[in-house]
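Enquirer: This is target-v3.cif, which holds mmCIF, C-alpha atoms:
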```cif
data_structure
#
loop_
_atom_site.group_PDB
_atom_site.id
_atom_site.type_symbol
_atom_site.label_atom_id
_atom_site.label_comp_id
_atom_site.auth_asym_id
_atom_site.auth_seq_id
_atom_site.Cartn_x
_atom_site.Cartn_y
_atom_site.Cartn_z
ATOM 1 C CA MET A 1054 111.737 30.012 195.034
ATOM 2 C CA GLU A 1055 110.347 29.486 191.523
ATOM 3 C CA ASP A 1056 109.445 33.209 191.211
ATOM 4 C CA HIS A 1057 112.926 34.210 192.357
ATOM 5 C CA ASN A 1058 114.564 32.043 189.655
ATOM 6 C CA SER A 1059 112.252 33.224 186.873
ATOM 7 C CA ALA A 1060 112.931 36.876 187.731
ATOM 8 C CA ASN A 1061 116.637 36.333 187.025
ATOM 9 C CA LEU A 1062 116.304 34.320 183.812
ATOM 10 C CA SER A 1063 116.950 37.420 181.680
ATOM 11 C CA ASP A 1064 120.489 37.653 183.088
ATOM 12 C CA PRO A 1065 122.486 34.823 181.440
ATOM 13 C CA ALA A 1066 125.190 35.046 184.136
ATOM 14 C CA SER A 1067 122.732 34.464 186.994
ATOM 15 C CA PRO A 1068 122.576 31.052 188.683
ATOM 16 C CA ALA A 1069 118.847 30.829 187.907
ATOM 17 C CA ALA A 1070 119.523 31.239 184.184
ATOM 18 C CA SER A 1071 122.204 28.544 184.319
ATOM 19 C CA VAL A 1072 119.824 26.149 186.062
ATOM 20 C CA ALA A 1073 117.025 26.969 183.604
ATOM 21 C CA SER A 1074 119.381 26.452 180.636
ATOM 22 C CA ALA A 1075 120.482 23.119 182.032
ATOM 23 C CA GLU A 1076 116.838 22.067 182.551
ATOM 24 C CA ILE A 1077 115.903 23.113 178.992
ATOM 25 C CA ALA A 1078 118.910 21.268 177.571
ATOM 26 C CA ALA A 1079 117.990 18.132 179.539
ATOM 27 C CA GLU A 1080 114.351 18.299 178.381
ATOM 28 C CA PHE A 1081 115.471 18.888 174.777
ATOM 29 C CA ALA A 1082 117.883 15.940 174.902
ATOM 30 C CA ALA A 1083 115.055 13.677 176.122
ATOM 31 C CA LEU A 1084 112.973 14.447 172.988
ATOM 32 C CA THR A 1085 112.941 12.293 169.887
ATOM 33 C CA THR A 1086 114.503 13.606 166.681
ATOM 34 C CA GLU A 1087 111.054 14.304 165.228
ATOM 35 C CA GLU A 1088 110.008 16.231 168.369
ATOM 36 C CA LYS A 1089 113.281 18.200 168.323
ATOM 37 C CA GLU A 1090 112.676 19.253 164.697
ATOM 38 C CA GLN A 1091 109.077 20.202 165.525
ATOM 39 C CA ARG A 1092 110.199 22.215 168.576
ATOM 40 C CA ARG A 1093 112.871 24.011 166.490
ATOM 41 C CA ALA A 1094 110.287 24.833 163.802
ATOM 42 C CA GLU A 1095 107.923 26.274 166.473
ATOM 43 C CA TRP A 1096 110.726 28.351 167.956
ATOM 44 C CA SER A 1097 111.774 29.605 164.503
ATOM 45 C CA GLN A 1098 108.183 30.638 163.726
ATOM 46 C CA GLU A 1099 107.838 32.365 167.100
ATOM 47 C CA LEU A 1100 111.189 34.138 166.593
ATOM 48 C CA ALA A 1101 110.046 35.354 163.143
ATOM 49 C CA ARG A 1102 106.780 36.695 164.666
ATOM 50 C CA VAL A 1103 108.653 38.457 167.480
ATOM 51 C CA GLU A 1104 111.163 40.012 165.050
ATOM 52 C CA GLU A 1105 108.271 41.184 162.827
ATOM 53 C CA GLU A 1106 106.593 42.773 165.866
ATOM 54 C CA ILE A 1107 109.862 44.476 166.793
ATOM 55 C CA ASN A 1108 110.211 45.888 163.262
ATOM 56 C CA THR A 1109 106.574 47.057 163.330
ATOM 57 C CA LEU A 1110 107.130 48.746 166.683
ATOM 58 C CA ARG A 1111 110.305 50.438 165.355
ATOM 59 C CA THR A 1112 108.381 51.743 162.340
ATOM 60 C CA VAL A 1113 105.539 53.024 164.533
ATOM 61 C CA LEU A 1114 108.040 54.619 166.940
ATOM 62 C CA ALA A 1115 109.878 56.367 164.077
ATOM 63 C CA SER A 1116 106.555 57.647 162.713
ATOM 64 C CA LYS A 1117 105.475 58.909 166.145
ATOM 65 C CA THR A 1118 108.861 60.559 166.661
ATOM 66 C CA ARG A 1119 108.577 62.401 163.309
ATOM 67 C CA HIS A 1120 105.023 63.469 164.178
ATOM 68 C CA ALA A 1121 106.163 64.753 167.599
ATOM 69 C CA SER A 1122 109.002 66.695 165.931
ATOM 70 C CA ASP A 1123 106.563 68.269 163.462
ATOM 71 C CA LEU A 1124 104.231 69.282 166.286
ATOM 72 C CA LYS A 1125 107.116 70.768 168.276
ATOM 73 C CA ARG A 1126 108.255 72.717 165.223
ATOM 74 C CA LYS A 1127 104.715 74.048 164.706
ATOM 75 C CA LEU A 1128 104.561 75.053 168.370
ATOM 76 C CA GLY A 1129 107.921 76.799 168.104
ATOM 77 C CA ILE A 1130 109.642 74.366 170.426
ATOM 78 C CA THR A 1131 113.229 74.081 169.232
ATOM 79 C CA VAL A 1132 115.940 71.694 170.343
ATOM 80 C CA TRP A 1133 117.731 74.657 171.901
ATOM 81 C CA LYS A 1134 114.602 75.634 173.832
ATOM 82 C CA GLU A 1135 114.133 72.068 175.081
ATOM 83 C CA LEU A 1136 117.784 71.880 176.103
ATOM 84 C CA THR A 1137 117.515 75.214 177.907
ATOM 85 C CA GLU A 1138 114.385 74.103 179.744
ATOM 86 C CA ASP A 1139 116.038 70.806 180.698
ATOM 87 C CA MET A 1140 119.145 72.642 181.947
ATOM 88 C CA ASN A 1141 117.043 75.119 183.931
ATOM 89 C CA GLN A 1142 115.067 72.281 185.485
ATOM 90 C CA GLY A 1143 118.304 70.458 186.308
ATOM 91 C CA VAL A 1144 119.772 73.554 187.969
ATOM 92 C CA LYS A 1145 116.528 74.043 189.895
ATOM 93 C CA ASN A 1146 116.599 70.419 191.068
ATOM 94 C CA ILE A 1147 120.219 70.788 192.166
ATOM 95 C CA LYS A 1148 119.518 74.007 194.060
ATOM 96 C CA GLU A 1149 116.563 72.375 195.806
ATOM 97 C CA SER A 1150 118.608 69.323 196.818
ATOM 98 C CA THR A 1151 119.608 68.957 200.445
ATOM 99 C CA VAL A 1152 123.262 68.464 199.498
ATOM 100 C CA TYR A 1153 123.383 71.801 197.651
ATOM 101 C CA GLN A 1154 121.612 73.612 200.473
ATOM 102 C CA SER A 1155 123.963 72.054 203.018
ATOM 103 C CA VAL A 1156 127.026 73.102 201.001
ATOM 104 C CA GLU A 1157 125.597 76.589 200.494
ATOM 105 C CA GLN A 1158 125.026 76.916 204.238
ATOM 106 C CA SER A 1159 128.566 75.676 204.979
ATOM 107 C CA VAL A 1160 130.072 78.158 202.504
ATOM 108 C CA GLY A 1161 128.012 80.950 204.059
ATOM 109 C CA THR A 1162 129.231 80.018 207.529
ATOM 110 C CA PHE A 1163 132.834 79.857 206.302
ATOM 111 C CA THR A 1164 132.545 83.231 204.554
ATOM 112 C CA LYS A 1165 131.104 84.818 207.683
ATOM 113 C CA ALA A 1166 133.920 83.344 209.789
ATOM 114 C CA VAL A 1167 136.549 84.695 207.394
ATOM 115 C CA HIS A 1168 135.001 88.183 207.366
ATOM 116 C CA GLU A 1169 134.880 88.236 211.156
ATOM 117 C CA ALA A 1170 138.455 86.988 211.584
ATOM 118 C CA PRO A 1171 140.918 89.576 212.991
ATOM 119 C CA LEU A 1172 143.437 88.908 210.195
ATOM 120 C CA TYR A 1173 140.807 89.676 207.544
ATOM 121 C CA GLN A 1174 139.756 92.827 209.414
ATOM 122 C CA ARG A 1175 143.367 94.065 209.585
ATOM 123 C CA THR A 1176 143.996 93.224 205.905
ATOM 124 C CA GLU A 1177 140.806 95.002 204.872
ATOM 125 C CA SER A 1178 141.804 98.065 206.925
ATOM 126 C CA VAL A 1179 145.318 98.151 205.418
ATOM 127 C CA LEU A 1180 143.949 97.832 201.878
ATOM 128 C CA LYS A 1181 141.398 100.575 202.500
ATOM 129 C CA THR A 1182 144.064 102.934 203.864
ATOM 130 C CA THR A 1183 146.414 102.094 200.984
ATOM 131 C CA GLY A 1184 143.645 102.822 198.486
ATOM 132 C CA GLU A 1185 142.898 106.182 200.079
ATOM 133 C CA LYS A 1186 146.586 107.168 200.103
ATOM 134 C CA THR A 1187 147.003 106.073 196.473
ATOM 135 C CA ALA A 1188 143.974 108.103 195.438
ATOM 136 C CA SER A 1189 145.405 111.130 197.269
ATOM 137 C CA VAL A 1190 148.795 110.756 195.532
ATOM 138 C CA PHE A 1191 147.172 110.408 192.081
ATOM 139 C CA GLY A 1192 145.014 113.437 192.842
ATOM 140 C CA SER A 1193 148.111 115.498 193.649
ATOM 141 C CA ILE A 1194 149.894 114.306 190.499
ATOM 142 C CA THR A 1195 146.850 115.061 188.338
ATOM 143 C CA SER A 1196 146.453 118.580 189.726
ATOM 144 C CA GLY A 1197 150.185 119.224 189.199
ATOM 145 C CA ILE A 1198 150.013 118.080 185.571
ATOM 146 C CA THR A 1199 146.895 120.167 184.974
ATOM 147 C CA SER A 1200 148.648 123.249 186.394
ATOM 148 C CA LYS A 1201 151.750 122.708 184.227
ATOM 149 C CA LEU A 1202 149.640 122.204 181.075
ATOM 150 C CA SER A 1203 147.749 125.402 181.847
ATOM 151 C CA GLN A 1204 151.022 127.294 182.244
ATOM 152 C CA MET A 1205 152.341 125.844 178.974
ATOM 153 C CA LYS A 1206 149.164 126.790 177.123
ATOM 154 C CA ASN A 1207 149.513 130.387 178.199
ATOM 155 C CA SER A 1208 153.244 130.571 177.337
ATOM 156 C CA GLU A 1209 154.583 132.570 174.392
ATOM 157 C CA SER A 1210 156.093 129.444 172.768
ATOM 158 C CA MET A 1211 152.755 127.661 172.713
ATOM 159 C CA ARG A 1212 151.021 130.695 171.204
ATOM 160 C CA SER A 1213 153.645 130.817 168.459
ATOM 161 C CA ILE A 1214 153.176 127.089 167.683
ATOM 162 C CA GLU A 1215 149.401 127.485 167.772
ATOM 163 C CA ALA A 1216 149.578 130.386 165.288
ATOM 164 C CA SER A 1217 151.871 128.441 162.939
ATOM 165 C CA VAL A 1218 149.634 125.357 162.980
ATOM 166 C CA GLY A 1219 146.538 127.522 162.449
ATOM 167 C CA SER A 1220 148.193 129.281 159.492
ATOM 168 C CA ALA A 1221 149.260 125.973 157.930
ATOM 169 C CA TYR A 1222 145.749 124.593 158.355
ATOM 170 C CA GLU A 1223 144.210 127.623 156.643
ATOM 171 C CA ASN A 1224 146.680 127.302 153.738
ATOM 172 C CA VAL A 1225 145.864 123.618 153.211
ATOM 173 C CA LYS A 1226 142.133 124.353 153.429
ATOM 174 C CA ALA A 1227 142.424 127.136 150.822
ATOM 175 C CA PHE A 1228 144.491 124.927 148.512
ATOM 176 C CA ALA A 1229 141.958 122.089 148.759
ATOM 177 C CA SER A 1230 139.095 124.408 147.797
ATOM 178 C CA VAL A 1231 141.062 125.704 144.743
ATOM 179 C CA VAL A 1232 141.781 122.144 143.639
ATOM 180 C CA ARG A 1233 138.103 121.177 144.019
ATOM 181 C CA TRP A 1234 137.051 124.249 141.988
ATOM 182 C CA ARG A 1235 139.440 123.378 139.134
ATOM 183 C CA ILE A 1236 138.305 119.718 139.060
ATOM 184 C CA ALA A 1237 134.644 120.681 138.924
#
```
Can you give me the file's structure in the form of structure tokens?
Expert:
Amino acid sequence: MEDHNSANLSDPASPAASVASAEIAAEFAALTTEEKEQRRAEWSQELARVEEEINTLRTVLASKTRHASDLKRKLGITVWKELTEDMNQGVKNIKESTVYQSVEQSVGTFTKAVHEAPLYQRTESVLKTTGEKTASVFGSITSGITSKLSQMKNSESMRSIEASVGSAYENVKAFASVVRWRIA
């Protein structure tokens, strides 16, 4: 029973801590004034030593942390690389978990059931047929447009426009070369 109470002394809300506090208070009250002052002085000295040790440990920890960072930098280990490795390890752990594998198996079973369902089969067949018919219609439209463009290209009107544009282009080209010659 004593071990059970001492294990819970760190939690001030626990019954063991309340009992221990009451026992300490009773013992402290039974002391003389001189003994109380001596006890307080001992506790103050011990508290100062503990706080000094804590500060020393913080300083050592900060120094070790800086040294570790320097070594990582020298090794080319960046924060991004560490984060990436941690994420990859986390994903790997998740994928290896039984819950993930169970869900993956359930999704696979569901997907298979959907693909084998008659409604899905009919929908897939309708979409496939619709796609083929659409492709056929677009093919017909494309060949019709190609034929019309070919006819237009060979028409007398198009040849006349082509000649006019060609003549205008040659005139602009000749003018540009004259201008360049005069500037130079």
Enquirer: Counting only C-alpha atoms, what is within 10 Å of Glu1157 (chain A), bar same-chain residues fewer than 6 positions away, as a PyMOL selection string?
Expert: chain A and resi 1148+1151+1163
Enquirer: Between CA of Thr1162 (chain A) and CA of Asn1146 (chain A), what is the distance in Å, rounded to a tenth?
Expert: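 If I compute the distance from CA of Thr1162 (chain A) to CA of Asn1146 (chain A), I get 22.9 Å.
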Enquirer: If you measure from CA of Ile1130 (chain A) to CA of Ala1115 (chain A), what distance in Å do you get, rounded to one decimal?
Expert: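 The value is 19.1 Å.
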Enquirer: Using Å and a single decimal, report how far CA of Ile1194 (chain A) sits from CA of Val1218 (chain A).
Expert: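 Pair CA of Val1218 (chain A) / CA of Ile1194 (chain A) returns 29.7 Å.
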Enquirer: Return the padded bounding box of region 1222-1232 of chain A as JSON: axis-aligned, built from all atoms listed in the file, 4 Å added on each side, with centre and edge lengths in Å to one decimal.
Expert:
```
{"center_x": 142.9, "center_y": 124.9, "center_z": 151.0, "size_x": 15.6, "size_y": 13.5, "size_z": 22.7}
```
Enquirer: Write out N, CA and C atoms for region 1156-1184 of chain A, as a short mmCIF file (atom, residue, chain, number, x, y, z; two decimals), keeping the file's coordinate frame.
Expert:
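selection.cif written:
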```cif
data_model
loop_
_atom_site.label_atom_id
_atom_site.label_comp_id
_atom_site.auth_asym_id
_atom_site.auth_seq_id
_atom_site.Cartn_x
_atom_site.Cartn_y
_atom_site.Cartn_z
N VAL A 1156 125.76 72.50 201.43
CA VAL A 1156 127.03 73.10 201.00
C VAL A 1156 126.91 74.62 201.01
N GLU A 1157 125.80 75.13 200.52
CA GLU A 1157 125.60 76.59 200.49
C GLU A 1157 125.64 77.16 201.91
N GLN A 1158 125.02 76.46 202.85
CA GLN A 1158 125.03 76.92 204.24
C GLN A 1158 126.45 76.87 204.81
N SER A 1159 127.19 75.81 204.49
CA SER A 1159 128.57 75.68 204.98
C SER A 1159 129.45 76.78 204.41
N VAL A 1160 129.29 77.08 203.13
CA VAL A 1160 130.07 78.16 202.50
C VAL A 1160 129.71 79.50 203.14
N GLY A 1161 128.44 79.72 203.40
CA GLY A 1161 128.01 80.95 204.06
C GLY A 1161 128.62 81.09 205.44
N THR A 1162 128.63 80.01 206.19
CA THR A 1162 129.23 80.02 207.53
C THR A 1162 130.73 80.29 207.44
N PHE A 1163 131.40 79.65 206.49
CA PHE A 1163 132.83 79.86 206.30
C PHE A 1163 133.13 81.31 205.92
N THR A 1164 132.35 81.85 205.00
CA THR A 1164 132.54 83.23 204.55
C THR A 1164 132.37 84.20 205.72
N LYS A 1165 131.35 83.96 206.52
CA LYS A 1165 131.10 84.82 207.68
C LYS A 1165 132.28 84.74 208.65
N ALA A 1166 132.79 83.52 208.88
CA ALA A 1166 133.92 83.34 209.79
C ALA A 1166 135.16 84.08 209.27
N VAL A 1167 135.39 84.01 207.98
CA VAL A 1167 136.55 84.70 207.39
C VAL A 1167 136.40 86.20 207.55
N HIS A 1168 135.22 86.73 207.27
CA HIS A 1168 135.00 88.18 207.37
C HIS A 1168 135.13 88.68 208.80
N GLU A 1169 134.81 87.83 209.76
CA GLU A 1169 134.88 88.24 211.16
C GLU A 1169 136.25 87.98 211.78
N ALA A 1170 137.13 87.30 211.06
CA ALA A 1170 138.46 86.99 211.58
C ALA A 1170 139.30 88.26 211.71
N PRO A 1171 140.09 88.38 212.79
CA PRO A 1171 140.92 89.58 212.99
C PRO A 1171 141.90 89.81 211.85
N LEU A 1172 142.49 88.75 211.29
CA LEU A 1172 143.44 88.91 210.20
C LEU A 1172 142.76 89.56 208.99
N TYR A 1173 141.55 89.10 208.67
CA TYR A 1173 140.81 89.68 207.54
C TYR A 1173 140.50 91.14 207.83
N GLN A 1174 140.10 91.45 209.05
CA GLN A 1174 139.76 92.83 209.41
C GLN A 1174 140.98 93.74 209.25
N ARG A 1175 142.14 93.26 209.72
CA ARG A 1175 143.37 94.06 209.58
C ARG A 1175 143.74 94.23 208.12
N THR A 1176 143.65 93.16 207.33
CA THR A 1176 144.00 93.22 205.90
C THR A 1176 143.06 94.19 205.19
N GLU A 1177 141.78 94.11 205.50
CA GLU A 1177 140.81 95.00 204.87
C GLU A 1177 141.12 96.45 205.22
N SER A 1178 141.48 96.71 206.48
CA SER A 1178 141.80 98.06 206.92
C SER A 1178 143.05 98.59 206.21
N VAL A 1179 144.08 97.75 206.10
CA VAL A 1179 145.32 98.15 205.42
C VAL A 1179 145.03 98.46 203.96
N LEU A 1180 144.26 97.60 203.29
CA LEU A 1180 143.95 97.83 201.88
C LEU A 1180 143.13 99.11 201.69
N LYS A 1181 142.22 99.36 202.60
CA LYS A 1181 141.40 100.58 202.50
C LYS A 1181 142.28 101.81 202.66
N THR A 1182 143.17 101.80 203.64
CA THR A 1182 144.06 102.93 203.86
C THR A 1182 145.00 103.13 202.67
N THR A 1183 145.53 102.03 202.15
CA THR A 1183 146.41 102.09 200.98
C THR A 1183 145.67 102.69 199.79
N GLY A 1184 144.45 102.28 199.59
CA GLY A 1184 143.65 102.82 198.49
C GLY A 1184 143.42 104.31 198.63
#
```
